[in-house]
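J.: Handing over query-v6.txt, compact mmCIF, C-alpha atoms.
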# COMPACT_ATOMS: atom_id res chain seq x y z
CA MET A 1 -22.05 -66.04 -19.83
CA PHE A 2 -19.55 -68.35 -18.13
CA LEU A 3 -21.77 -68.63 -15.04
CA LYS A 4 -24.76 -69.36 -17.25
CA LYS A 5 -22.88 -72.18 -19.01
CA LEU A 6 -21.64 -73.52 -15.67
CA LYS A 7 -25.19 -73.55 -14.32
CA GLU A 8 -26.40 -75.37 -17.43
CA PHE A 9 -23.61 -77.94 -17.04
CA PHE A 10 -24.49 -78.72 -13.41
CA THR A 11 -28.25 -78.64 -13.72
CA GLY A 12 -28.33 -80.37 -17.09
CA LYS A 13 -30.94 -77.83 -18.18
CA LYS A 14 -30.44 -75.43 -21.01
CA GLU A 15 -31.63 -71.93 -20.15
CA ASP A 16 -33.97 -70.18 -22.54
CA SER A 17 -31.65 -67.80 -24.41
CA THR A 18 -34.56 -65.56 -25.41
CA LYS A 19 -35.50 -64.94 -21.77
CA PRO A 20 -33.67 -61.89 -20.43
CA SER A 21 -31.51 -62.38 -17.36
CA PRO A 22 -32.50 -60.47 -14.18
CA TYR A 23 -29.73 -57.97 -15.00
CA GLU A 24 -30.91 -57.43 -18.58
CA LEU A 25 -34.51 -57.10 -17.41
CA ALA A 26 -33.55 -54.57 -14.72
CA LEU A 27 -31.59 -52.47 -17.20
CA LYS A 28 -34.42 -52.63 -19.74
CA GLN A 29 -36.96 -51.50 -17.14
CA ILE A 30 -34.86 -48.51 -16.13
CA GLN A 31 -34.03 -47.52 -19.70
CA SER A 32 -37.64 -47.83 -20.86
CA GLY A 33 -38.48 -44.47 -19.27
CA GLN A 34 -37.09 -41.00 -19.78
CA THR A 35 -38.54 -39.01 -16.90
CA ASP A 36 -37.33 -38.83 -13.30
CA ILE A 37 -38.16 -41.97 -11.38
CA MET A 38 -41.28 -41.51 -9.27
CA PRO A 39 -42.11 -43.64 -6.20
CA SER A 40 -44.75 -45.55 -8.17
CA ASP A 41 -42.13 -46.55 -10.77
CA ILE A 42 -40.34 -48.58 -8.11
CA LEU A 43 -43.46 -50.70 -7.65
CA SER A 44 -43.22 -51.96 -11.21
CA PHE A 45 -39.54 -52.91 -11.03
CA SER A 46 -38.72 -56.63 -11.03
CA GLU A 47 -36.68 -58.35 -8.36
CA PRO A 48 -33.91 -57.97 -7.30
CA LEU A 49 -33.96 -54.39 -8.65
CA ARG A 50 -36.98 -53.33 -6.58
CA SER A 51 -35.59 -54.57 -3.26
CA ALA A 52 -32.17 -53.10 -3.97
CA VAL A 53 -33.62 -49.70 -4.91
CA ASN A 54 -35.93 -49.77 -1.86
CA ALA A 55 -32.97 -50.43 0.41
CA MET A 56 -30.84 -47.65 -1.12
CA VAL A 57 -33.69 -45.12 -1.01
CA ARG A 58 -34.07 -45.84 2.70
CA LEU A 59 -30.32 -45.55 3.26
CA GLY A 60 -30.17 -42.24 1.42
CA ARG A 61 -26.38 -42.39 1.10
CA PHE A 62 -24.62 -45.55 0.02
CA SER A 63 -21.70 -47.02 -1.90
CA LEU A 64 -21.52 -49.07 -5.10
CA THR A 65 -20.39 -52.00 -2.93
CA GLU A 66 -23.60 -51.83 -0.88
CA PHE A 67 -25.73 -51.56 -4.02
CA THR A 68 -23.90 -54.51 -5.61
CA GLU A 69 -24.46 -56.65 -2.51
CA LYS A 70 -28.18 -55.93 -2.59
CA LEU A 71 -28.53 -56.48 -6.33
CA THR A 72 -26.51 -59.70 -6.33
CA PHE A 73 -25.22 -58.83 -9.81
CA THR A 74 -21.54 -58.43 -10.64
CA ARG A 75 -19.97 -55.12 -9.64
CA ALA A 76 -19.65 -54.12 -13.30
CA GLU A 77 -23.35 -54.87 -13.90
CA ALA A 78 -24.36 -53.00 -10.74
CA LYS A 79 -22.33 -50.00 -11.94
CA ILE A 80 -24.21 -49.99 -15.27
CA ILE A 81 -27.54 -50.20 -13.41
CA ALA A 82 -26.48 -47.37 -11.08
CA ASP A 83 -25.40 -45.25 -14.08
CA ALA A 84 -28.84 -45.82 -15.65
CA LEU A 85 -30.50 -44.73 -12.40
CA VAL A 86 -28.28 -41.64 -12.33
CA LYS A 87 -29.57 -40.79 -15.81
CA ARG A 88 -33.13 -41.01 -14.51
CA LYS A 89 -32.15 -38.88 -11.53
CA LEU A 90 -32.93 -41.42 -8.84
CA PHE A 91 -29.25 -41.65 -7.89
CA GLU A 92 -26.68 -38.93 -7.83
CA VAL A 93 -22.93 -39.54 -7.67
CA ALA A 94 -21.59 -38.02 -4.46
CA SER A 95 -18.70 -35.57 -4.69
CA TYR A 96 -16.72 -37.57 -2.14
CA SER A 97 -16.46 -40.59 -4.48
CA ASN A 98 -12.92 -41.75 -5.21
CA GLU A 99 -11.08 -44.17 -7.53
CA GLN A 100 -11.72 -47.15 -5.26
CA GLU A 101 -15.36 -46.49 -4.49
CA THR A 102 -18.32 -44.64 -5.98
CA PHE A 103 -20.75 -43.20 -3.49
CA TYR A 104 -24.32 -42.17 -4.29
CA THR A 105 -27.26 -40.37 -2.81
CA ALA A 106 -30.80 -41.50 -3.61
CA HIS A 107 -33.39 -38.91 -4.44
CA LEU A 108 -36.94 -39.92 -5.23
CA SER A 109 -38.41 -37.88 -8.03
CA GLY A 110 -37.85 -34.23 -8.69
CA SER A 111 -40.77 -34.04 -11.07
CA THR A 112 -43.31 -31.35 -10.58
CA ARG A 113 -46.84 -32.12 -11.49
CA PRO A 114 -50.21 -30.83 -10.37
CA LEU A 115 -51.93 -32.75 -7.62
CA LYS A 116 -55.28 -32.20 -9.28
CA LYS A 117 -54.32 -34.54 -12.12
CA PRO A 118 -54.15 -38.03 -10.71
CA ASP A 119 -51.39 -40.22 -12.07
CA LEU A 120 -53.43 -42.33 -14.45
CA ASP A 121 -50.99 -45.20 -14.65
CA LEU A 122 -50.54 -45.39 -10.87
CA TRP A 123 -53.06 -48.22 -10.53
CA LYS A 124 -51.55 -50.07 -13.46
CA LYS A 125 -48.21 -50.02 -11.68
CA ILE A 126 -49.73 -51.33 -8.46
CA ASP A 127 -51.62 -54.12 -10.25
CA MET B 128 -30.49 -43.83 14.91
CA SER B 129 -33.41 -41.63 13.85
CA LYS B 130 -36.60 -43.28 12.66
CA ILE B 131 -39.15 -42.14 10.13
CA ILE B 132 -42.66 -43.39 10.90
CA SER B 133 -45.53 -42.87 8.45
CA VAL B 134 -49.13 -43.02 9.56
CA HIS B 135 -51.44 -43.91 6.72
CA SER B 136 -54.92 -45.12 5.89
CA PHE B 137 -56.58 -45.86 2.59
CA ARG B 138 -59.71 -43.93 3.48
CA GLY B 139 -60.26 -40.62 5.25
CA GLY B 140 -61.69 -40.18 8.74
CA THR B 141 -59.91 -43.15 10.26
CA GLY B 142 -58.09 -41.07 12.89
CA LYS B 143 -54.67 -40.63 11.26
CA SER B 144 -53.97 -37.16 12.59
CA ASN B 145 -55.22 -38.00 16.07
CA THR B 146 -53.09 -41.13 16.17
CA THR B 147 -50.02 -39.27 14.85
CA ALA B 148 -50.39 -36.50 17.44
CA ASN B 149 -50.81 -38.99 20.26
CA ILE B 150 -47.81 -41.07 19.18
CA ALA B 151 -45.73 -37.87 19.01
CA ALA B 152 -46.82 -36.91 22.53
CA LEU B 153 -46.15 -40.37 23.97
CA LEU B 154 -42.67 -40.49 22.40
CA ALA B 155 -41.86 -36.97 23.61
CA MET B 156 -43.09 -37.83 27.12
CA ASP B 157 -40.36 -40.46 27.11
CA GLY B 158 -37.76 -37.80 26.30
CA ALA B 159 -37.55 -38.10 22.51
CA ARG B 160 -37.16 -35.22 20.05
CA VAL B 161 -40.05 -35.71 17.66
CA GLY B 162 -40.89 -34.01 14.39
CA VAL B 163 -44.37 -34.19 12.89
CA VAL B 164 -45.05 -33.30 9.25
CA ASP B 165 -48.54 -32.71 7.96
CA THR B 166 -48.30 -33.87 4.34
CA ASP B 167 -52.07 -33.76 3.92
CA ILE B 168 -51.68 -30.56 1.95
CA ALA B 169 -55.15 -30.71 0.44
CA SER B 170 -56.91 -31.03 3.79
CA PRO B 171 -54.56 -30.14 6.67
CA GLY B 172 -55.71 -30.58 10.25
CA ILE B 173 -53.14 -31.89 12.71
CA HIS B 174 -52.17 -28.34 13.80
CA VAL B 175 -55.56 -28.16 15.57
CA LEU B 176 -54.59 -31.05 17.85
CA PHE B 177 -51.40 -29.21 18.78
CA ASN B 178 -53.31 -25.96 19.38
CA LEU B 179 -51.25 -24.16 16.77
CA ASP B 180 -53.16 -21.10 15.68
CA GLU B 181 -52.97 -19.81 12.11
CA SER B 182 -51.49 -16.55 13.41
CA GLU B 183 -48.59 -18.50 14.93
CA MET B 184 -47.72 -20.23 11.67
CA VAL B 185 -44.77 -18.21 10.48
CA HIS B 186 -43.97 -20.68 7.72
CA SER B 187 -45.63 -23.87 6.55
CA LEU B 188 -44.71 -26.92 4.50
CA ASN B 189 -46.15 -25.07 1.49
CA ASP B 190 -43.55 -22.29 1.92
CA TYR B 191 -40.76 -24.88 2.01
CA LEU B 192 -42.07 -26.55 -1.15
CA TRP B 193 -42.18 -23.19 -2.91
CA GLY B 194 -38.62 -22.40 -1.83
CA LYS B 195 -39.63 -19.57 0.48
CA CYS B 196 -37.98 -21.07 3.58
CA THR B 197 -35.92 -23.99 4.79
CA ILE B 198 -37.70 -27.01 6.27
CA GLU B 199 -36.38 -26.11 9.76
CA GLU B 200 -37.92 -22.64 9.45
CA ALA B 201 -41.30 -24.28 8.90
CA ALA B 202 -40.92 -26.33 12.10
CA HIS B 203 -42.82 -24.95 15.10
CA ASP B 204 -41.98 -26.01 18.64
CA VAL B 205 -45.37 -27.09 20.00
CA THR B 206 -44.07 -28.83 23.13
CA GLY B 207 -45.64 -26.25 25.40
CA HIS B 208 -48.97 -26.49 23.59
CA VAL B 209 -49.78 -30.08 24.48
CA GLY B 210 -49.78 -29.91 28.28
CA GLY B 211 -48.62 -32.81 30.44
CA GLU B 212 -45.08 -33.63 31.44
CA ILE B 213 -43.07 -33.69 28.23
CA LYS B 214 -39.40 -34.48 28.77
CA GLY B 215 -38.52 -34.26 25.08
CA GLN B 216 -39.65 -31.85 22.36
CA ILE B 217 -42.26 -31.83 19.61
CA PHE B 218 -41.83 -29.85 16.41
CA LEU B 219 -44.72 -29.53 13.99
CA ILE B 220 -44.34 -28.71 10.31
CA PRO B 221 -47.91 -27.75 9.41
CA SER B 222 -49.47 -27.43 6.01
CA SER B 223 -50.96 -24.06 5.21
CA ILE B 224 -54.60 -23.55 6.06
CA LYS B 225 -54.92 -20.47 3.87
CA PRO B 226 -57.45 -21.25 1.12
CA GLY B 227 -55.38 -19.43 -1.52
CA GLU B 228 -52.26 -21.41 -0.67
CA ILE B 229 -54.10 -24.75 -0.70
CA ALA B 230 -55.63 -23.80 -4.05
CA ARG B 231 -52.24 -22.81 -5.45
CA ILE B 232 -50.63 -26.11 -4.56
CA LEU B 233 -53.56 -28.03 -6.02
CA ARG B 234 -53.36 -25.97 -9.19
CA GLU B 235 -49.60 -25.87 -9.70
CA GLY B 236 -48.39 -29.02 -7.97
CA TYR B 237 -44.98 -29.16 -6.36
CA ASP B 238 -41.66 -30.92 -6.44
CA VAL B 239 -42.31 -34.28 -4.81
CA GLY B 240 -38.56 -34.77 -4.51
CA LEU B 241 -38.36 -31.79 -2.20
CA LEU B 242 -40.36 -33.75 0.37
CA ASN B 243 -37.71 -36.46 0.21
CA ASP B 244 -34.93 -33.94 0.82
CA GLY B 245 -36.94 -32.06 3.44
CA PHE B 246 -37.64 -35.17 5.53
CA ARG B 247 -33.97 -36.09 5.60
CA ASP B 248 -32.82 -32.52 6.27
CA VAL B 249 -35.18 -31.94 9.16
CA VAL B 250 -34.18 -35.22 10.85
CA GLU B 251 -30.49 -34.36 10.51
CA LYS B 252 -30.50 -30.64 11.23
CA MET B 253 -32.95 -30.75 14.14
CA LYS B 254 -31.38 -33.91 15.55
CA LEU B 255 -34.72 -35.68 15.70
CA ASP B 256 -35.14 -39.13 17.19
CA TYR B 257 -38.38 -39.62 15.29
CA LEU B 258 -40.07 -38.03 12.31
CA LEU B 259 -43.78 -38.78 12.07
CA ILE B 260 -45.47 -38.28 8.72
CA ASP B 261 -49.21 -37.68 8.76
CA THR B 262 -50.17 -38.65 5.22
CA HIS B 263 -53.01 -37.90 2.85
CA PRO B 264 -55.47 -40.81 2.68
CA GLY B 265 -55.37 -43.09 -0.35
CA LEU B 266 -52.43 -43.61 -2.65
CA ASN B 267 -50.59 -40.97 -4.61
CA GLU B 268 -46.93 -40.25 -5.28
CA GLU B 269 -46.55 -38.34 -2.01
CA THR B 270 -47.82 -41.15 0.16
CA LEU B 271 -45.80 -43.69 -1.79
CA LEU B 272 -42.74 -41.55 -1.17
CA SER B 273 -43.50 -41.40 2.55
CA ILE B 274 -43.89 -45.17 2.68
CA ALA B 275 -40.76 -45.72 0.57
CA ILE B 276 -38.50 -43.79 2.94
CA SER B 277 -40.11 -44.88 6.23
CA ASN B 278 -38.57 -47.26 8.72
CA ALA B 279 -41.99 -48.04 10.12
CA LEU B 280 -45.52 -47.72 8.79
CA ILE B 281 -48.74 -47.65 10.77
CA ILE B 282 -51.79 -48.48 8.66
CA ILE B 283 -55.06 -47.47 10.23
CA LEU B 284 -58.41 -49.00 9.39
CA ARG B 285 -61.83 -49.16 10.92
CA PRO B 286 -63.80 -52.39 11.15
CA ASP B 287 -65.72 -51.42 8.01
CA SER B 288 -66.05 -53.26 4.71
CA GLN B 289 -64.93 -50.27 2.64
CA ASP B 290 -61.81 -49.90 4.78
CA TYR B 291 -60.99 -53.61 4.54
CA GLN B 292 -60.78 -53.64 0.75
CA GLY B 293 -58.77 -50.45 0.33
CA THR B 294 -56.40 -51.38 3.11
CA ALA B 295 -55.44 -54.53 1.21
CA VAL B 296 -54.07 -52.31 -1.57
CA THR B 297 -52.04 -50.26 0.91
CA VAL B 298 -50.64 -53.37 2.58
CA ASP B 299 -49.67 -54.80 -0.80
CA VAL B 300 -47.90 -51.59 -1.78
CA ALA B 301 -46.10 -51.39 1.59
CA LYS B 302 -44.88 -54.96 1.16
CA LYS B 303 -43.60 -54.14 -2.34
CA LEU B 304 -41.75 -51.15 -0.90
CA ASP B 305 -40.14 -53.39 1.75
CA VAL B 306 -41.15 -51.29 4.76
CA PRO B 307 -39.01 -52.74 7.58
CA LYS B 308 -41.82 -52.55 10.15
CA MET B 309 -45.51 -52.50 9.30
CA VAL B 310 -48.16 -52.44 12.01
CA MET B 311 -51.93 -52.31 11.58
CA LEU B 312 -54.10 -50.25 13.89
CA VAL B 313 -57.81 -51.03 14.04
CA ASN B 314 -59.48 -47.85 15.23
CA LYS B 315 -62.97 -46.84 16.34
CA THR B 316 -64.01 -50.43 17.04
CA PRO B 317 -67.53 -50.69 18.51
CA THR B 318 -67.26 -51.89 22.10
CA THR B 319 -69.81 -54.62 21.35
CA PHE B 320 -67.26 -56.36 19.09
CA ASP B 321 -65.00 -59.17 20.23
CA PHE B 322 -61.61 -57.40 20.05
CA ASP B 323 -59.58 -60.62 19.96
CA ASP B 324 -61.66 -61.83 17.04
CA VAL B 325 -61.17 -58.51 15.19
CA ARG B 326 -57.41 -58.75 15.75
CA THR B 327 -57.25 -62.33 14.49
CA ARG B 328 -59.35 -61.60 11.42
CA VAL B 329 -57.30 -58.56 10.45
CA GLU B 330 -54.01 -60.39 10.97
CA GLN B 331 -55.20 -63.31 8.87
CA THR B 332 -56.63 -61.10 6.12
CA TYR B 333 -53.51 -58.99 5.64
CA ASP B 334 -50.81 -61.31 6.95
CA ALA B 335 -49.59 -58.41 9.05
CA THR B 336 -49.21 -57.62 12.73
CA VAL B 337 -52.01 -55.74 14.48
CA GLY B 338 -50.42 -53.28 16.89
CA ALA B 339 -53.66 -52.45 18.68
CA VAL B 340 -57.42 -52.64 18.41
CA LEU B 341 -58.76 -49.37 19.81
CA PRO B 342 -62.34 -48.99 20.99
CA HIS B 343 -64.67 -46.30 19.75
CA SER B 344 -64.51 -43.65 22.45
CA ASP B 345 -67.15 -41.09 23.37
CA GLU B 346 -64.48 -39.19 25.35
CA MET B 347 -62.49 -38.84 22.10
CA MET B 348 -65.57 -37.49 20.33
CA VAL B 349 -66.24 -35.02 23.14
CA LEU B 350 -62.61 -33.87 23.14
CA ALA B 351 -63.23 -33.04 19.46
CA SER B 352 -59.54 -32.59 18.53
CA SER B 353 -59.10 -29.81 21.11
CA GLY B 354 -56.12 -31.58 22.67
CA ILE B 355 -54.02 -34.71 22.88
CA PHE B 356 -56.17 -37.57 24.13
CA SER B 357 -53.39 -39.62 25.76
CA ILE B 358 -52.40 -36.64 27.89
CA LYS B 359 -55.94 -35.79 28.94
CA PHE B 360 -56.92 -39.45 29.53
CA PRO B 361 -53.71 -41.26 30.54
CA ASP B 362 -55.50 -44.35 31.92
CA HIS B 363 -58.09 -44.76 29.16
CA PRO B 364 -58.10 -48.04 27.14
CA VAL B 365 -57.41 -46.00 23.98
CA THR B 366 -54.27 -44.54 25.58
CA LYS B 367 -53.16 -48.00 26.72
CA GLY B 368 -53.59 -49.28 23.16
CA LEU B 369 -51.63 -46.33 21.76
CA LYS B 370 -48.81 -46.93 24.26
CA SER B 371 -48.62 -50.55 23.14
CA LEU B 372 -48.49 -49.38 19.51
CA VAL B 373 -45.66 -46.95 20.31
CA ASP B 374 -43.68 -49.74 21.98
CA GLN B 375 -43.91 -51.72 18.76
CA VAL B 376 -42.75 -49.03 16.38
CA LYS B 377 -40.13 -47.15 18.38
Output the structure of this file as structure tokens.
T.:
Amino acid sequence: MFLKKLKEFFTGKKEDSTKPSPYELALKQIQSGQTDIMPSDILSFSEPLRSAVNAMVRLGRFSLTEFTEKLTFTRAEAKIIADALVKRKLFEVASYSNEQETFYTAHLSGSTRPLKKPDLDLWKKID
Amino acid sequence: MSKIISVHSFRGGTGKSNTTANIAALLAMDGARVGVVDTDIASPGIHVLFNLDESEMVHSLNDYLWGKCTIEEAAHDVTGHVGGEIKGQIFLIPSSIKPGEIARILREGYDVGLLNDGFRDVVEKMKLDYLLIDTHPGLNEETLLSIAISNALIIILRPDSQDYQGTAVTVDVAKKLDVPKMVMLVNKTPTTFDFDDVRTRVEQTYDATVGAVLPHSDEMMVLASSGIFSIKFPDHPVTKGLKSLVDQVK
């Protein structure tokens, strides 16, 4: 909120309060689904969430610090985003996490579904 | 650091498996430990190029996905099958070619996430320098997963209007998934075409690097997947193009 006001002060432009911030949008996108996150879900994420998730999936194992750096949100916001991704089983908190640092592993989709039924919303996500 | 390289095309018949097998051989000739996974579960075929007979397949990727074995147990050392002077090693994780097992996986599906874990496990446990993923053509969750975890992606297309359109979708998806290295391979190009012109047009169309433009080859047709082309024809223009491609993705 403070940063938003500061930005408004320097730019002289008032930001649209109804427009969600990148953080709010990211959280909304993650929380809008219930099932495990599939690879095609990542395609429909907004930036910077998509790039950050892409990078963590490729790393496989990573820390909250690394995720925060990629997201460019505050550490507290990144933690909330990571927690939401844990709920959707994309991230898992590693057992070697400690008080100073939370470590995660990324795991793309554990959902089982028949290959014979094509994912009908796949194309929608790509478009 | 180990690298995961996916070989993909939007349409079938572009030469994915042949390209994957040749890249594996060229990397292994240089001394690398290479794993190859056939994720084309619905229509497997790369085992033929490595001369791996059905009777030699103790376990397959299907067994791993059904929890019958570990991913390393499904890996077959095919180094001795390819001929030539291979300093490194090649391990193939084939998909089952038993009709009943293909039908079962089509009917029941499988845990896509297990592929994710399996790729990482096999790289780590078998100390691989490279893991090559031979994908199913088109886009589905499995191929998206392969692209999402790859360090490099080779997209194959032929100079054909149908290929051009579909490939644009694949390139768009790969860009959205931030693949660190994406290289296009134009395969089966008629020798009457101007190769430089083909390269320029493809690069301009997709705003992506063309790793090689390979000519249509009668020798490749005659070989008919009974071996690894780059080993049998080390000085052929196709082999030279493949070597250049390998240099760009390794």
J.: Would you mind listing what lies within 10 Å of Asp287 of chain B as a ChimeraX atom specification, with all atoms listed in the file counted and same-chain residues fewer than 6 positions away left out?
T.: /B:313,315-316
J.: Give the residues of chain B that lie within 7 Å of chain A; count all atoms listed in the file, and format the answer as a list of chain:residue names.
T.: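 Contact residues on the first chain: B:Leu233, B:Arg234, B:Glu235, B:Gly236, B:Tyr237, B:Asp238, B:Val239, B:Gly240, B:Leu241, B:Asn243, B:Glu268, B:Leu271, B:Leu272, B:Ala275, B:Ile276, B:Val300, B:Lys303, B:Leu304, B:Asp305.
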J.: Pick out the closest residue to Ser277 of chain B from this set: B:Val250, B:Ile131, B:Met309, B:Ala148. Count all atoms listed in the file.
T.: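 Looking only at the distances to Ser277 of chain B, the closest residue turns out to be B:Ile131.
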J.: How big is the axis-aligned box around all listed atoms of segment 44-50 of chain A once 6 Å goes on each side, and where's its centre, in Å to one decimal, as AutoDock Vina command-line options?
T.:
--center_x -38.6 --center_y -55.2 --center_z -8.9 --size_x 21.3 --size_y 18.4 --size_z 16.6
J.: Excluding Pro342 of chain B and its own-chain neighbours fewer than 4 positions away, which residues fall within 8 Å of it when counting all atoms listed in the file? Please give them as an mmCIF file with C-alpha atoms, in the frame of the given file.
T.:
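Written output follows (selection_28.cif):
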data_model
loop_
_atom_site.group_PDB
_atom_site.id
_atom_site.type_symbol
_atom_site.label_atom_id
_atom_site.label_comp_id
_atom_site.auth_asym_id
_atom_site.auth_seq_id
_atom_site.Cartn_x
_atom_site.Cartn_y
_atom_site.Cartn_z
ATOM 1 C CA ASN B 314 -59.480 -47.850 15.230
ATOM 2 C CA LYS B 315 -62.970 -46.840 16.340
ATOM 3 C CA THR B 316 -64.010 -50.430 17.040
ATOM 4 C CA PRO B 317 -67.530 -50.690 18.510
ATOM 5 C CA THR B 318 -67.260 -51.890 22.100
ATOM 6 C CA PRO B 364 -58.100 -48.040 27.140
ATOM 7 C CA VAL B 365 -57.410 -46.000 23.980
#
J.: Neighbouring residues of Thr197 of chain B were defined as those with any atom within 9 Å, considering only C-alpha atoms; residues of the same chain fewer than 6 positions away were excluded. Please report them as a list in words.
T.: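 Final neighbour list, sorted by chain and number: Asp190, Tyr191 and Gly245 of chain B.
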J.: From the options B:Asn278, B:Thr270, B:Thr206, B:Ser222, which residue's atoms come nearest to Met156 of chain B, counting all atoms listed in the file?
T.: B:Thr206
J.: Grab the atom CA of Ser170 of chain B to atom CA of Thr35 of chain A distance for me, in Å with one decimal place.
T.: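 Those two atoms sit 28.8 Å apart.
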J.: Write out as a JSON list (two decimals) with C-alpha atoms, in the frame of the given file the residues lying within 12 Å of Gly158 of chain B, counting only C-alpha atoms and excluding same-chain residues fewer than 2 positions away.
T.:
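As written to disk, out04.json reads:
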[["chain", "number", "residue", "atom", "x", "y", "z"],
["B", 151, "ALA", "CA", -45.73, -37.87, 19.01],
["B", 152, "ALA", "CA", -46.82, -36.91, 22.53],
["B", 153, "LEU", "CA", -46.15, -40.37, 23.97],
["B", 154, "LEU", "CA", -42.67, -40.49, 22.40],
["B", 155, "ALA", "CA", -41.86, -36.97, 23.61],
["B", 156, "MET", "CA", -43.09, -37.83, 27.12],
["B", 160, "ARG", "CA", -37.16, -35.22, 20.05],
["B", 161, "VAL", "CA", -40.05, -35.71, 17.66],
["B", 206, "THR", "CA", -44.07, -28.83, 23.13],
["B", 212, "GLU", "CA", -45.08, -33.63, 31.44],
["B", 213, "ILE", "CA", -43.07, -33.69, 28.23],
["B", 214, "LYS", "CA", -39.40, -34.48, 28.77],
["B", 215, "GLY", "CA", -38.52, -34.26, 25.08],
["B", 216, "GLN", "CA", -39.65, -31.85, 22.36],
["B", 217, "ILE", "CA", -42.26, -31.83, 19.61],
["B", 255, "LEU", "CA", -34.72, -35.68, 15.70],
["B", 256, "ASP", "CA", -35.14, -39.13, 17.19],
["B", 257, "TYR", "CA", -38.38, -39.62, 15.29]]
J.: Env of Thr72 of chain A: 12 Å cut, atoms = all atoms listed in the file, seq-sep filter 4 positions within chain, self excluded. Answer as a list in words.
T.: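 So, after excluding close chain neighbours, the residues are Pro22, Tyr23, Glu47, Pro48, Leu49, Ser51, Ala52, Leu64, Thr65, Glu66, Phe67, Thr68, Ala76, Glu77, Ala78, Lys79 and Ile81 of chain A.
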J.: Would you work out the distance separating atom CA of His263 of chain B from atom CA of Thr294 of chain B, expressed in Å to one decimal?
T.: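 That distance, rounded to one decimal, is 13.9 Å.
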J.: Measure the distance from atom CA of Thr166 of chain B to atom CA of Ser353 of chain B in Å and round it to one decimal.
T.: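 Going from atom CA of Thr166 of chain B over to atom CA of Ser353 of chain B covers 20.4 Å.
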J.: From the set B:Ser136, B:Ile355, B:Ile229, B:Leu179, which residue has the shortest atom-to-atom contact distance to Val298 of chain B, counting only C-alpha atoms?
T.: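 Of the candidates, the smallest distance to Val298 of chain B is held by B:Ser136.
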J.: Given the choices B:Ile198, B:Asn178, B:Val373, B:Ile224, which gets closest to Ser357 of chain B if the distance is worked out from all atoms listed in the file?
T.: B:Val373
